[in-house]
Amino acid sequence: MDATSQDTSDAPRGGAGERTLLSVEGVTKSFPGVRALDGMRLDLRHGEALALVGENGAGKSTLMKLLTGIHTPDTGSFFLDGEPLHVTGPRHAREQGIGIIHQEFNLMPDLTVAQNIFIGREPRKAGFMLDHRALNSRAQELIDRLALPLDPRRTVASLTVAQQQMVEIAKALSHDPRVLIMDEPTAALNDAEVRTLHQLIRRFLRPETGVVYISHRMEELTSLCDRVTVIRDGRYVETLRTDQVSTQEVIARMVGRELDAKAGPQNVRQDRETLLSVSGLSTKALLDDVTFELREGEILGFAGLMGAGRTEVARALVGADPVTSGTVTLRGRRLRITNPAHAARHGIGYLSEDRKQLGLLVEDGVDTNMALSSLKERFTSFGFVRDRAIRSRAEELVAALRIRTPSVGQTVKNLSGGNQQKVVIAKWLVKECDVLIFDEPTRGIDVGAKEEIYRLLNELAQQGKSLIVISSELPEVLRMAHRVLVMAEGRVTGELAAHEATQEQVMHYATLRPGAPTAPAAAHDSTRPRIPEAGK
Amino acid sequence: MTAETAPAPQQDRPAAGDQGAGSGGTLKGRLQQFLAFGSLVVICVFFAIADPIFLSYGNITSILFATVVIGTLALGATFVIITGGIDLSVGTGMALCAVVSGVLITNMGLPIVVGVLGTLVFGALIGFVNGLNIAVLGLPPFIATLAMMLVAGGLALVISGSAPIYFDSTAYTDISTGSIIPGADFPNAVLIMAAVAVVAGVALSRTVLGRYTYAIGSNEEATALSGVNVRKWKIVIYTLAGLFIGLAGVLISARLGSAQPATGMGYELQAIAAVVIGGTSLSGGKGSIVGTVIGALIISVLNNGLQVLAVPQEWQNVILGTVIVVAVYADRARKRAAA
Ligand SMILES: Nc1ncnc2c1ncn2[C@@H]1O[C@H](COP(=O)(O)OP(=O)(O)OP(=O)(O)O)[C@@H](O)[C@H]1O
Ligand SMILES: [Mg+2]
């Protein structure tokens with residue numbers, strides 16, 4: 001606790017010394033059937049961004065929930081600036097100067113940005129009338145100060161996931177916290193957005209503040225954080241300096257062993273037959289003449305910036321959103337898909353990017369969730385549900401995907417974020433579709449488990465299934481896919497063979513202004529020459 | 001540090017406690033029913049002590065008999081409410097079904113079996129229209145069924161000319177008041193409701209229909225994106241609730257020996273109260289048939305017991321309202337404690 005204030009040469013950014021701003025000592029927390037934390041400790045210095053890494057279910061989010069008074073620890077203590085810290089609830093934590101951005105969003109979709117930021121402390125007139133003018137202008141001030149591209153009057157439901165993340169950040173910073181905890185803030189962001197976020201964090205860091213930063217994206221840790229604390233199975237492992245260790249070493253400590261080679265697509269199967277062909281797909285909102293083909297056993301990647309229309313293609317394809325024109329042909333047969341149930345019946349499954357709202361029944365069990373998409377075909381006889389069959393299939397998948405849960409009956413909302421994501425994936429593995437559309441499949445998943453999922457996707461492709469993978473992590477798309485389609489502003493702007501493509505090439509297409517004469521036409525012609533781009 | 005070289009895991013990590021405490025869901029569910037059942041017992045004990053007549057065979061059968069109509073309506077309403085919907089049309093819908101039964105059997109002289117089946121189908125039709133309005137037109141359930149409540153109430157008066165239709169045949173009234181248990185003087189209507197409750201309970205807990213009912217109530221969008229035809233299932237569920245409306249129409253008119261077109265209003269709220277007292281959440285996703293049956297029993301025990309104690313009619317409603325608040329609050333408090 002005592003502040004060793006002699007400044008060391010390797011002082012972190014902001015020039016702060018190695019005094020402890022926040023420290024956690026011997027914290028233990030158990031839930032029924034799970035010991036989430038076991039003697040965990042952590043030291044956050046003044047002016048630093050400390051990374052906290054660990055596998056899915058290691059206990060990161062739980063620690064942060066203890067710090068913000070959402071749960072109370074069984075044992076252990078917290079100190080802020082050497083003073084014992086007792087938080088009784090989220091509001092109290094805020095008053096003590098601890099702000100948090102949770103792994104799952106906590107925004108009211110139908111309220112505006114300004115209303116969300118100031119929820120619970122709206123400016124008033126005459127004591128009880130809401131002062132909308134003051135509300136919006138104060139929100140605007142805050143947004144300007146943080147240099148965020150937001151409009152305070154927009155409703156949150158109309159924002160992209162990245163923009164919603166920014167609202168969360170604005171909300172947290174509006175309380176002027178001393179310690180800001182960020183639980184996987186970049187899971188849904190692309191590289192450019194990650195950079196914007198990091199700039200914001202650097203501006204926030206002053207000698208009297210600090211950030212605890214949780215992420216599974218190893219590459220961003222070195223650029224933002226000086227030190228990284230590793231947690232494994234709820235226990236403190238080690239704190240390392242990011243300039244002195246490699247990613248490999250950090251990961252090895254996270255999982256407690258060395259990991260071996262990476263999975264990638266085995267070979268490019270250009271010779272396979274076309275399974276699905278989409279032509280001229282357009283929607284009122286965004287999509288404009290999207291045309292592409294998907295072959296049997298192929299993994300087709302979709303790249304593009306946030307808002308490029310990748311999710312919209314998926315939703316239009318499975319009938320979740322209405323289309324204005326376009327045809328979808330599966331095995332030569334024209335399909336008219338008007339809702340996701342249709343799509344599922346034709347063997348087209350869609351794993352949504354928003355697991356909490358669109359992917360899961362969070363109040364229900366792991367087994368119930370896994371069985372939902374294939375209840376009728378797989379788990380019933382004469383309309384009666386075969387619970388035993390569901391349970392045993394769920395147990396298989398829990399083992400195969402290494403989902404951390406005390407039992408398959410566990411309520412999904414009690415699982416860690418990454419493990420919830422695995423449940424969504426499992427749901428679609430049960431279904432055994434011919435065409436699977438994965439929208440941000442590895443969102444919030446730890447590095448080890450990501451490899452597991454890549455391998456799984458690969459296996460599926462090798463079994464002859466066709467996959468569409470949408471991801472904002474470009475390296476992931478390039479590694480996983482056989483072929484990559486790049487989208488910009490609702491149109492397909494380029495097509496690349498993934499094993500030859502570079503990030504620069506993808507970014508070139510992703511930032512093309514569609515309609516400009518240089519934009520290539522729709523991408524059904526896979527033999528079209530690939531234009532080498534600036535920088536390569 | 002780059003992501004490109006991120007390696008793959010091996011199989012040797014210890015699994016995080018594979019055999020933990022058993023599935024909490026069913027255990028919790030049982031506890032909830034136990035609590036509702038407990039309060040039913042407490043109320044019964046209270047009345048029994050206050051007046052021993054309460055426990056007489058005659059009084060108990062009359063309590064059960066009084067439960068039949070609300071209970072039947074509440075069974076259907078349970079499905080609807082678990083999907084996160086509501087059905088306000090069950091009361092006047094029941095009156096309309098009773099009138100239809102009178103028209104078919106008394107006015108048109110059709111055989112009783114045909115008349116009863118016709119009434120059930122008509123009830124299902126009411127629910128089907130509700131389902132279409134909700135699932136296809138996208139009206140909120142409250143609005144769609146409020147409209148149906150008005151339409152059905154009006155049609156019942158129009159069709160009957162605002163006058164009761166009487167049934168001459170005892171074969172019809174025996175459906176409710178007869179007793180197939182020889183010498184027991186135990187009304188058939190109670191047996192019918194019990195049988196239907198068992199079927200509904202099995203349907204809700206063991207069939208695809210039941211699973212989808214809960215899934216839609218938990219997260220409708222996620223259920224749809226999982227490939228479940230949510231529209232179709234909603235129509236099925238409202239149609240099912242309509243079938244219960246039709247059955248209630250038969251049971252009430254057989255009991256009274258006549259179809260009373262102007263009654264019905266108010267039953268929908270009693271049915272909803274029974275469902276809610278039974279622990280089903282109005283926001284959907286949670287609930288059980290056993291709970292609903294207990295909820296319906298609590299309501300009729302209260303009505304009956306207060307009558308036995310000669311509490312004035314006006315006060316009975318005051319007490320019923322208070323019980324709803326207490327029951328639902330206790331349920332929430334317990335859930336919060338469990339969370
Ligand atoms: N409310 C709860 N009830 C029961 N178990 C819980 C609860 N919250 C967390 N757990 C369990 O505690 C463990 C740690 O979860 P936590 O959310 O802290 O993991 P995490 O490190 O944040 O993982 P991720 O990277 O997937 O977000 C998990 O096994 C989880 O299932
Ligand atoms: Mg977490």
# chains A, B, ... in the order shown; residues from 1 in each chain; ligands from 1
>>> interface_residues(of="chain A", to="chain B", cutoff="6 Å", atoms="only C-alpha atoms", output="ChimeraX atom specification")
/A:33,219,246-247,259-262,340-341,344,358-361,373,383-385,404,406-407,409,448,451
>>> residues_around(residues="Thr229 of chain A", least_positions_apart="2", cutoff="10 Å", atoms="only C-alpha atoms", output="list in words")
Arg41, Leu42, Asp43, Leu44, Leu50, Ala51, Leu52, Val53, Gly54, Val212, Tyr213, Ile214, Arg227, Ile231, Tyr236, Val237, Glu238, Thr239, Leu240, Arg241, Thr242, Val250 and Met254 of chain A
>>> residues_around(residues="segment 84-90 of chain B", least_positions_apart="5", cutoff="8 Å", atoms="only C-alpha atoms", output="PyMOL selection string")
chain B and resi 73+77+141-142+145-150+152+216-218+242+245+267-269+282-285
>>> write_last_selection(atoms="C-alpha atoms", output="PDB file, in the first residue's frame")
ATOM      1  CA  LEU B  73     -59.643 -19.795 -18.809  1.00  0.00           C
ATOM      2  CA  ALA B  77     -53.996 -17.656 -20.449  1.00  0.00           C
ATOM      3  CA  PRO B 141     -51.428  -8.410 -27.679  1.00  0.00           C
ATOM      4  CA  PHE B 142     -53.058  -5.990 -25.262  1.00  0.00           C
ATOM      5  CA  THR B 145     -57.306  -8.843 -27.425  1.00  0.00           C
ATOM      6  CA  LEU B 146     -58.892  -5.692 -26.005  1.00  0.00           C
ATOM      7  CA  ALA B 147     -60.527  -5.231 -29.393  1.00  0.00           C
ATOM      8  CA  MET B 148     -61.587  -8.865 -29.411  1.00  0.00           C
ATOM      9  CA  MET B 149     -63.034  -8.432 -25.929  1.00  0.00           C
ATOM     10  CA  LEU B 150     -65.316  -5.687 -27.258  1.00  0.00           C
ATOM     11  CA  ALA B 152     -66.989 -10.792 -28.678  1.00  0.00           C
ATOM     12  CA  ILE B 216     -40.640 -16.798 -27.241  1.00  0.00           C
ATOM     13  CA  GLY B 217     -41.282 -15.259 -23.850  1.00  0.00           C
ATOM     14  CA  SER B 218     -37.596 -15.264 -22.932  1.00  0.00           C
ATOM     15  CA  GLY B 242     -59.186 -19.888 -27.723  1.00  0.00           C
ATOM     16  CA  ILE B 245     -62.327 -20.201 -24.091  1.00  0.00           C
ATOM     17  CA  TYR B 267     -63.524 -13.122 -15.947  1.00  0.00           C
ATOM     18  CA  GLU B 268     -60.443 -12.181 -17.960  1.00  0.00           C
ATOM     19  CA  LEU B 269     -59.003 -10.269 -15.045  1.00  0.00           C
ATOM     20  CA  LEU B 282     -46.226 -11.083 -16.944  1.00  0.00           C
ATOM     21  CA  SER B 283     -43.001 -10.239 -18.745  1.00  0.00           C
ATOM     22  CA  GLY B 284     -42.876 -13.755 -20.113  1.00  0.00           C
ATOM     23  CA  GLY B 285     -40.545 -16.702 -20.100  1.00  0.00           C
TER      24      GLY B 285
END
>>> atom_distance(atom1="atom CA of Val69 of chain B", atom2="atom CA of Ala248 of chain B")
5.5 Å
>>> closest_atom_pairs(of="chain A", to="ligand 1", cutoff="6 Å", atoms="only C-alpha atoms and all ligand atoms", output="JSON lines")
{"residue": "A:Phe31", "atom": "CA", "partner": "ligand 1", "partner_atom_place_in_ligand_line": "4 (C)", "distance": 4.7}
{"residue": "A:Val34", "atom": "CA", "partner": "ligand 1", "partner_atom_place_in_ligand_line": "5 (N)", "distance": 6.0}
{"residue": "A:Ala36", "atom": "CA", "partner": "ligand 1", "partner_atom_place_in_ligand_line": "12 (O)", "distance": 4.1}
{"residue": "A:Glu55", "atom": "CA", "partner": "ligand 1", "partner_atom_place_in_ligand_line": "25 (O)", "distance": 5.6}
{"residue": "A:Asn56", "atom": "CA", "partner": "ligand 1", "partner_atom_place_in_ligand_line": "26 (O)", "distance": 3.4}
{"residue": "A:Gly57", "atom": "CA", "partner": "ligand 1", "partner_atom_place_in_ligand_line": "19 (O)", "distance": 3.3}
{"residue": "A:Ala58", "atom": "CA", "partner": "ligand 1", "partner_atom_place_in_ligand_line": "21 (O)", "distance": 3.9}
{"residue": "A:Gly59", "atom": "CA", "partner": "ligand 1", "partner_atom_place_in_ligand_line": "18 (O)", "distance": 3.1}
{"residue": "A:Lys60", "atom": "CA", "partner": "ligand 1", "partner_atom_place_in_ligand_line": "21 (O)", "distance": 3.6}
{"residue": "A:Ser61", "atom": "CA", "partner": "ligand 1", "partner_atom_place_in_ligand_line": "22 (O)", "distance": 3.6}
{"residue": "A:Thr62", "atom": "CA", "partner": "ligand 1", "partner_atom_place_in_ligand_line": "18 (O)", "distance": 3.6}
{"residue": "A:Arg404", "atom": "CA", "partner": "ligand 1", "partner_atom_place_in_ligand_line": "29 (O)", "distance": 5.3}
{"residue": "A:Thr405", "atom": "CA", "partner": "ligand 1", "partner_atom_place_in_ligand_line": "31 (O)", "distance": 5.4}
{"residue": "A:Asn414", "atom": "CA", "partner": "ligand 1", "partner_atom_place_in_ligand_line": "2 (C)", "distance": 4.1}
{"residue": "A:Leu415", "atom": "CA", "partner": "ligand 1", "partner_atom_place_in_ligand_line": "31 (O)", "distance": 3.6}
{"residue": "A:Ser416", "atom": "CA", "partner": "ligand 1", "partner_atom_place_in_ligand_line": "17 (O)", "distance": 3.5}
{"residue": "A:Gly417", "atom": "CA", "partner": "ligand 1", "partner_atom_place_in_ligand_line": "27 (O)", "distance": 4.0}
{"residue": "A:Gly418", "atom": "CA", "partner": "ligand 1", "partner_atom_place_in_ligand_line": "26 (O)", "distance": 3.3}
{"residue": "A:Asn419", "atom": "CA", "partner": "ligand 1", "partner_atom_place_in_ligand_line": "26 (O)", "distance": 5.3}
>>> write_last_selection(atoms="N, CA and C atoms", output="CSV table (one decimal), in the first residue's frame")
chain,number,residue,atom,x,y,z
A,31,PHE,N,-19.5,-18.7,-6.4
A,31,PHE,CA,-20.9,-18.9,-6.8
A,31,PHE,C,-21.2,-20.3,-6.7
A,34,VAL,N,-19.1,-22.9,-8.4
A,34,VAL,CA,-18.0,-22.3,-9.1
A,34,VAL,C,-17.2,-21.5,-8.1
A,36,ALA,N,-15.1,-18.6,-8.5
A,36,ALA,CA,-14.7,-17.7,-9.6
A,36,ALA,C,-13.4,-17.0,-9.3
A,55,GLU,N,-8.1,-16.6,-19.5
A,55,GLU,CA,-9.0,-17.3,-20.4
A,55,GLU,C,-10.5,-17.0,-20.1
A,56,ASN,N,-11.3,-17.4,-20.9
A,56,ASN,CA,-12.8,-17.2,-20.7
A,56,ASN,C,-13.1,-17.9,-19.4
A,57,GLY,N,-13.8,-17.2,-18.5
A,57,GLY,CA,-14.2,-17.8,-17.2
A,57,GLY,C,-13.1,-17.8,-16.2
A,58,ALA,N,-12.0,-17.1,-16.5
A,58,ALA,CA,-10.9,-17.0,-15.5
A,58,ALA,C,-11.3,-16.2,-14.3
A,59,GLY,N,-12.2,-15.3,-14.4
A,59,GLY,CA,-12.7,-14.5,-13.3
A,59,GLY,C,-12.5,-13.0,-13.4
A,60,LYS,N,-12.1,-12.5,-14.6
A,60,LYS,CA,-11.8,-11.1,-14.8
A,60,LYS,C,-13.1,-10.2,-14.6
A,61,SER,N,-14.1,-10.6,-15.2
A,61,SER,CA,-15.3,-9.8,-15.0
A,61,SER,C,-15.8,-9.8,-13.6
A,62,THR,N,-15.7,-11.0,-13.0
A,62,THR,CA,-16.2,-11.1,-11.6
A,62,THR,C,-15.4,-10.2,-10.7
A,404,ARG,N,-16.9,-23.5,-19.7
A,404,ARG,CA,-16.8,-23.5,-18.3
A,404,ARG,C,-18.2,-23.3,-17.6
A,405,THR,N,-18.8,-24.4,-17.1
A,405,THR,CA,-20.1,-24.2,-16.5
A,405,THR,C,-20.2,-25.4,-15.5
A,414,ASN,N,-25.3,-16.7,-16.1
A,414,ASN,CA,-24.2,-16.9,-15.1
A,414,ASN,C,-22.9,-17.3,-15.7
A,415,LEU,N,-22.8,-17.5,-17.0
A,415,LEU,CA,-21.6,-17.9,-17.6
A,415,LEU,C,-20.8,-16.6,-17.9
A,416,SER,N,-19.5,-16.7,-18.1
A,416,SER,CA,-18.7,-15.6,-18.5
A,416,SER,C,-19.0,-15.3,-19.9
A,417,GLY,N,-18.7,-14.1,-20.4
A,417,GLY,CA,-19.0,-13.6,-21.7
A,417,GLY,C,-18.5,-14.6,-22.8
A,418,GLY,N,-17.3,-15.0,-22.7
A,418,GLY,CA,-16.7,-15.8,-23.7
A,418,GLY,C,-17.4,-17.2,-23.8
A,419,ASN,N,-17.8,-17.7,-22.6
A,419,ASN,CA,-18.4,-19.0,-22.6
A,419,ASN,C,-19.9,-18.9,-23.1
>>> residues_around(residues="Ala241 of chain B", least_positions_apart="5", cutoff="9 Å", atoms="only C-alpha atoms", output="ChimeraX atom specification")
/B:73-80,87,90,123-124,127-128,236,246
>>> write_last_selection(atoms="N, CA and C atoms", output="JSON list (two decimals), in the first residue's frame")
[["chain", "number", "residue", "atom", "x", "y", "z"],
["B", 73, "LEU", "N", -60.12, -20.97, -18.08],
["B", 73, "LEU", "CA", -59.64, -19.80, -18.81],
["B", 73, "LEU", "C", -58.17, -19.51, -18.47],
["B", 74, "ALA", "N", -57.83, -19.69, -17.20],
["B", 74, "ALA", "CA", -56.47, -19.38, -16.77],
["B", 74, "ALA", "C", -55.45, -20.34, -17.38],
["B", 75, "LEU", "N", -55.86, -21.59, -17.65],
["B", 75, "LEU", "CA", -54.93, -22.54, -18.27],
["B", 75, "LEU", "C", -54.47, -22.01, -19.62],
["B", 76, "GLY", "N", -55.43, -21.58, -20.44],
["B", 76, "GLY", "CA", -55.07, -21.04, -21.74],
["B", 76, "GLY", "C", -54.26, -19.77, -21.59],
["B", 77, "ALA", "N", -54.69, -18.93, -20.64],
["B", 77, "ALA", "CA", -54.00, -17.66, -20.45],
["B", 77, "ALA", "C", -52.54, -17.87, -20.02],
["B", 78, "THR", "N", -52.27, -18.99, -19.35],
["B", 78, "THR", "CA", -50.90, -19.26, -18.91],
["B", 78, "THR", "C", -49.95, -19.34, -20.10],
["B", 79, "PHE", "N", -50.38, -20.07, -21.13],
["B", 79, "PHE", "CA", -49.55, -20.18, -22.34],
["B", 79, "PHE", "C", -49.28, -18.79, -22.91],
["B", 80, "VAL", "N", -50.37, -18.03, -23.05],
["B", 80, "VAL", "CA", -50.25, -16.71, -23.67],
["B", 80, "VAL", "C", -49.32, -15.81, -22.85],
["B", 87, "ASP", "N", -54.16, -12.01, -22.81],
["B", 87, "ASP", "CA", -55.41, -12.24, -23.52],
["B", 87, "ASP", "C", -56.57, -11.66, -22.71],
["B", 90, "VAL", "N", -60.79, -13.37, -23.07],
["B", 90, "VAL", "CA", -61.28, -14.68, -22.62],
["B", 90, "VAL", "C", -62.65, -14.58, -21.95],
["B", 123, "GLY", "N", -64.46, -21.28, -30.37],
["B", 123, "GLY", "CA", -63.53, -20.68, -29.42],
["B", 123, "GLY", "C", -62.13, -20.60, -30.00],
["B", 124, "ALA", "N", -61.73, -21.71, -30.63],
["B", 124, "ALA", "CA", -60.40, -21.73, -31.25],
["B", 124, "ALA", "C", -60.29, -20.64, -32.31],
["B", 127, "GLY", "N", -59.48, -17.35, -30.84],
["B", 127, "GLY", "CA", -58.06, -17.28, -30.54],
["B", 127, "GLY", "C", -57.22, -17.15, -31.80],
["B", 128, "PHE", "N", -57.66, -17.84, -32.85],
["B", 128, "PHE", "CA", -56.92, -17.79, -34.12],
["B", 128, "PHE", "C", -56.89, -16.36, -34.65],
["B", 236, "VAL", "N", -50.54, -20.49, -33.08],
["B", 236, "VAL", "CA", -50.93, -21.76, -32.45],
["B", 236, "VAL", "C", -51.28, -21.52, -30.98],
["B", 246, "GLY", "N", -63.51, -21.71, -25.56],
["B", 246, "GLY", "CA", -64.66, -22.48, -26.00],
["B", 246, "GLY", "C", -65.10, -23.48, -24.94]]
>>> residues_around(residues="segment 82-85 of chain A", least_positions_apart="5", cutoff="12 Å", atoms="only C-alpha atoms", output="mmCIF file with N, CA, C and O atoms, in the first residue's frame")
data_model
loop_
_atom_site.group_PDB
_atom_site.id
_atom_site.type_symbol
_atom_site.label_atom_id
_atom_site.label_comp_id
_atom_site.auth_asym_id
_atom_site.auth_seq_id
_atom_site.Cartn_x
_atom_site.Cartn_y
_atom_site.Cartn_z
ATOM 1 N N MET A 1 0.810 -1.212 0.000
ATOM 2 C CA MET A 1 0.000 0.000 0.000
ATOM 3 C C MET A 1 0.838 1.254 0.000
ATOM 4 O O MET A 1 0.452 2.268 -0.506
ATOM 5 N N ASP A 2 2.033 1.189 0.690
ATOM 6 C CA ASP A 2 2.770 2.436 0.837
ATOM 7 C C ASP A 2 3.339 2.898 -0.495
ATOM 8 O O ASP A 2 3.769 2.110 -1.323
ATOM 9 N N ALA A 3 3.306 4.209 -0.676
ATOM 10 C CA ALA A 3 3.664 4.756 -1.966
ATOM 11 C C ALA A 3 5.178 4.921 -2.075
ATOM 12 O O ALA A 3 5.752 5.804 -1.466
ATOM 13 N N THR A 4 5.793 4.041 -2.809
ATOM 14 C CA THR A 4 7.227 4.199 -3.082
ATOM 15 C C THR A 4 7.365 5.241 -4.171
ATOM 16 O O THR A 4 7.222 4.952 -5.336
ATOM 17 N N ARG A 19 3.509 4.558 -7.613
ATOM 18 C CA ARG A 19 2.653 4.514 -6.447
ATOM 19 C C ARG A 19 1.395 3.738 -6.808
ATOM 20 O O ARG A 19 0.956 3.736 -7.951
ATOM 21 N N THR A 20 0.818 3.099 -5.830
ATOM 22 C CA THR A 20 -0.347 2.273 -6.106
ATOM 23 C C THR A 20 -1.615 3.095 -5.997
ATOM 24 O O THR A 20 -1.878 3.711 -4.967
ATOM 25 N N LEU A 21 -2.376 3.095 -7.053
ATOM 26 C CA LEU A 21 -3.651 3.808 -7.047
ATOM 27 C C LEU A 21 -4.731 2.901 -6.465
ATOM 28 O O LEU A 21 -5.465 3.271 -5.556
ATOM 29 N N LEU A 22 -4.778 1.696 -7.013
ATOM 30 C CA LEU A 22 -5.807 0.758 -6.566
ATOM 31 C C LEU A 22 -5.120 -0.571 -6.307
ATOM 32 O O LEU A 22 -4.329 -1.021 -7.118
ATOM 33 N N SER A 23 -5.402 -1.161 -5.160
ATOM 34 C CA SER A 23 -4.874 -2.506 -5.005
ATOM 35 C C SER A 23 -5.931 -3.447 -4.457
ATOM 36 O O SER A 23 -6.811 -3.072 -3.704
ATOM 37 N N VAL A 24 -5.804 -4.688 -4.919
ATOM 38 C CA VAL A 24 -6.743 -5.758 -4.596
ATOM 39 C C VAL A 24 -5.927 -6.813 -3.887
ATOM 40 O O VAL A 24 -4.865 -7.185 -4.367
ATOM 41 N N GLU A 25 -6.405 -7.269 -2.730
ATOM 42 C CA GLU A 25 -5.609 -8.258 -1.987
ATOM 43 C C GLU A 25 -6.447 -9.438 -1.538
ATOM 44 O O GLU A 25 -7.470 -9.259 -0.879
ATOM 45 N N ASP A 43 -2.374 -4.811 -8.605
ATOM 46 C CA ASP A 43 -1.968 -3.464 -8.237
ATOM 47 C C ASP A 43 -2.034 -2.563 -9.449
ATOM 48 O O ASP A 43 -1.426 -2.850 -10.471
ATOM 49 N N LEU A 44 -2.770 -1.487 -9.314
ATOM 50 C CA LEU A 44 -2.843 -0.516 -10.413
ATOM 51 C C LEU A 44 -2.091 0.721 -9.969
ATOM 52 O O LEU A 44 -2.374 1.286 -8.914
ATOM 53 N N ARG A 45 -1.101 1.126 -10.784
ATOM 54 C CA ARG A 45 -0.310 2.291 -10.399
ATOM 55 C C ARG A 45 -0.948 3.569 -10.902
ATOM 56 O O ARG A 45 -1.764 3.557 -11.814
ATOM 57 N N HIS A 46 -0.481 4.675 -10.333
ATOM 58 C CA HIS A 46 -0.958 5.977 -10.786
ATOM 59 C C HIS A 46 -0.605 6.202 -12.237
ATOM 60 O O HIS A 46 0.533 5.967 -12.647
ATOM 61 N N LEU A 66 -16.878 -7.104 -8.415
ATOM 62 C CA LEU A 66 -16.654 -6.918 -6.980
ATOM 63 C C LEU A 66 -16.223 -5.481 -6.718
ATOM 64 O O LEU A 66 -16.673 -4.836 -5.769
ATOM 65 N N LEU A 67 -15.343 -4.984 -7.574
ATOM 66 C CA LEU A 67 -14.823 -3.627 -7.400
ATOM 67 C C LEU A 67 -15.917 -2.577 -7.521
ATOM 68 O O LEU A 67 -15.805 -1.488 -6.957
ATOM 69 N N THR A 68 -16.937 -2.883 -8.294
ATOM 70 C CA THR A 68 -17.988 -1.886 -8.476
ATOM 71 C C THR A 68 -19.226 -2.224 -7.664
ATOM 72 O O THR A 68 -20.286 -1.660 -7.877
ATOM 73 N N GLY A 69 -19.082 -3.156 -6.728
ATOM 74 C CA GLY A 69 -20.161 -3.384 -5.766
ATOM 75 C C GLY A 69 -21.357 -4.153 -6.302
ATOM 76 O O GLY A 69 -22.395 -4.190 -5.671
ATOM 77 N N GLY A 76 -11.172 -10.885 1.369
ATOM 78 C CA GLY A 76 -10.261 -10.022 0.636
ATOM 79 C C GLY A 76 -10.594 -8.559 0.816
ATOM 80 O O GLY A 76 -11.643 -8.212 1.370
ATOM 81 N N SER A 77 -9.690 -7.694 0.365
ATOM 82 C CA SER A 77 -9.929 -6.269 0.548
ATOM 83 C C SER A 77 -9.387 -5.448 -0.615
ATOM 84 O O SER A 77 -8.520 -5.892 -1.372
ATOM 85 N N HIS A 92 -22.437 3.770 -5.296
ATOM 86 C CA HIS A 92 -21.424 4.073 -4.304
ATOM 87 C C HIS A 92 -20.030 4.003 -4.924
ATOM 88 O O HIS A 92 -19.177 4.865 -4.692
ATOM 89 N N ALA A 93 -19.816 2.989 -5.776
ATOM 90 C CA ALA A 93 -18.527 2.854 -6.445
ATOM 91 C C ALA A 93 -18.233 4.093 -7.282
ATOM 92 O O ALA A 93 -17.115 4.613 -7.280
ATOM 93 N N GLU A 95 -19.329 7.072 -6.795
ATOM 94 C CA GLU A 95 -19.014 8.192 -5.911
ATOM 95 C C GLU A 95 -17.580 8.096 -5.392
ATOM 96 O O GLU A 95 -16.941 9.111 -5.134
ATOM 97 N N GLN A 96 -17.078 6.878 -5.234
ATOM 98 C CA GLN A 96 -15.692 6.698 -4.781
ATOM 99 C C GLN A 96 -14.704 6.908 -5.929
ATOM 100 O O GLN A 96 -13.509 6.793 -5.731
ATOM 101 N N GLY A 97 -15.199 7.143 -7.128
ATOM 102 C CA GLY A 97 -14.309 7.406 -8.251
ATOM 103 C C GLY A 97 -13.968 6.175 -9.066
ATOM 104 O O GLY A 97 -12.961 6.158 -9.768
ATOM 105 N N ILE A 98 -14.789 5.143 -8.965
ATOM 106 C CA ILE A 98 -14.519 3.954 -9.778
ATOM 107 C C ILE A 98 -15.593 3.827 -10.853
ATOM 108 O O ILE A 98 -16.769 3.685 -10.547
#
>>> residues_around(residues="segment 292-307 of chain B", least_positions_apart="5", cutoff="8 Å", atoms="only C-alpha atoms", output="ChimeraX atom specification")
/B:36-37,40,43-44,47,54,63-64,66-67,70-71,74-75,78,197,271,273-280,312-313,316,320
>>> residues_around(residues="Val424 of chain A", least_positions_apart="6", cutoff="12 Å", atoms="only C-alpha atoms", output="JSON, numbers by chain")
{"A": [349, 350, 351, 352, 353, 354, 355, 356, 357, 358, 359, 360, 361, 362, 366, 367, 368, 369, 370, 371, 372, 373, 394, 397, 398, 401, 403, 412, 417, 418, 430, 431, 438, 439, 440, 441, 442, 443, 445], "B": [222, 223, 225, 226]}
>>> atom_distance(atom1="atom CA of Thr186 of chain A", atom2="atom CA of Gln165 of chain A")
8.4 Å
>>> atom_distance(atom1="atom CA of Ile143 of chain B", atom2="atom CA of Asn130 of chain B")
9.8 Å
>>> select_by_dssp(residues="segment 82-220 of chain B", states="helix (DSSP H, G or I)", output="VMD selection string")
chain B and resid 82 90 to 107 112 to 136 141 to 160 170 to 177 188 to 206 208 to 218 220
>>> select_by_dssp(residues="segment 81-310 of chain B", states="strand (DSSP E)", output="JSON list (two decimals) with C-alpha atoms, in the first residue's frame")
[["chain", "number", "residue", "atom", "x", "y", "z"],
["B", 165, "ILE", "CA", -80.72, -19.02, -24.33],
["B", 166, "TYR", "CA", -81.87, -21.97, -22.24],
["B", 258, "SER", "CA", -78.43, -21.33, -20.05],
["B", 259, "ALA", "CA", -76.15, -19.09, -22.09]]
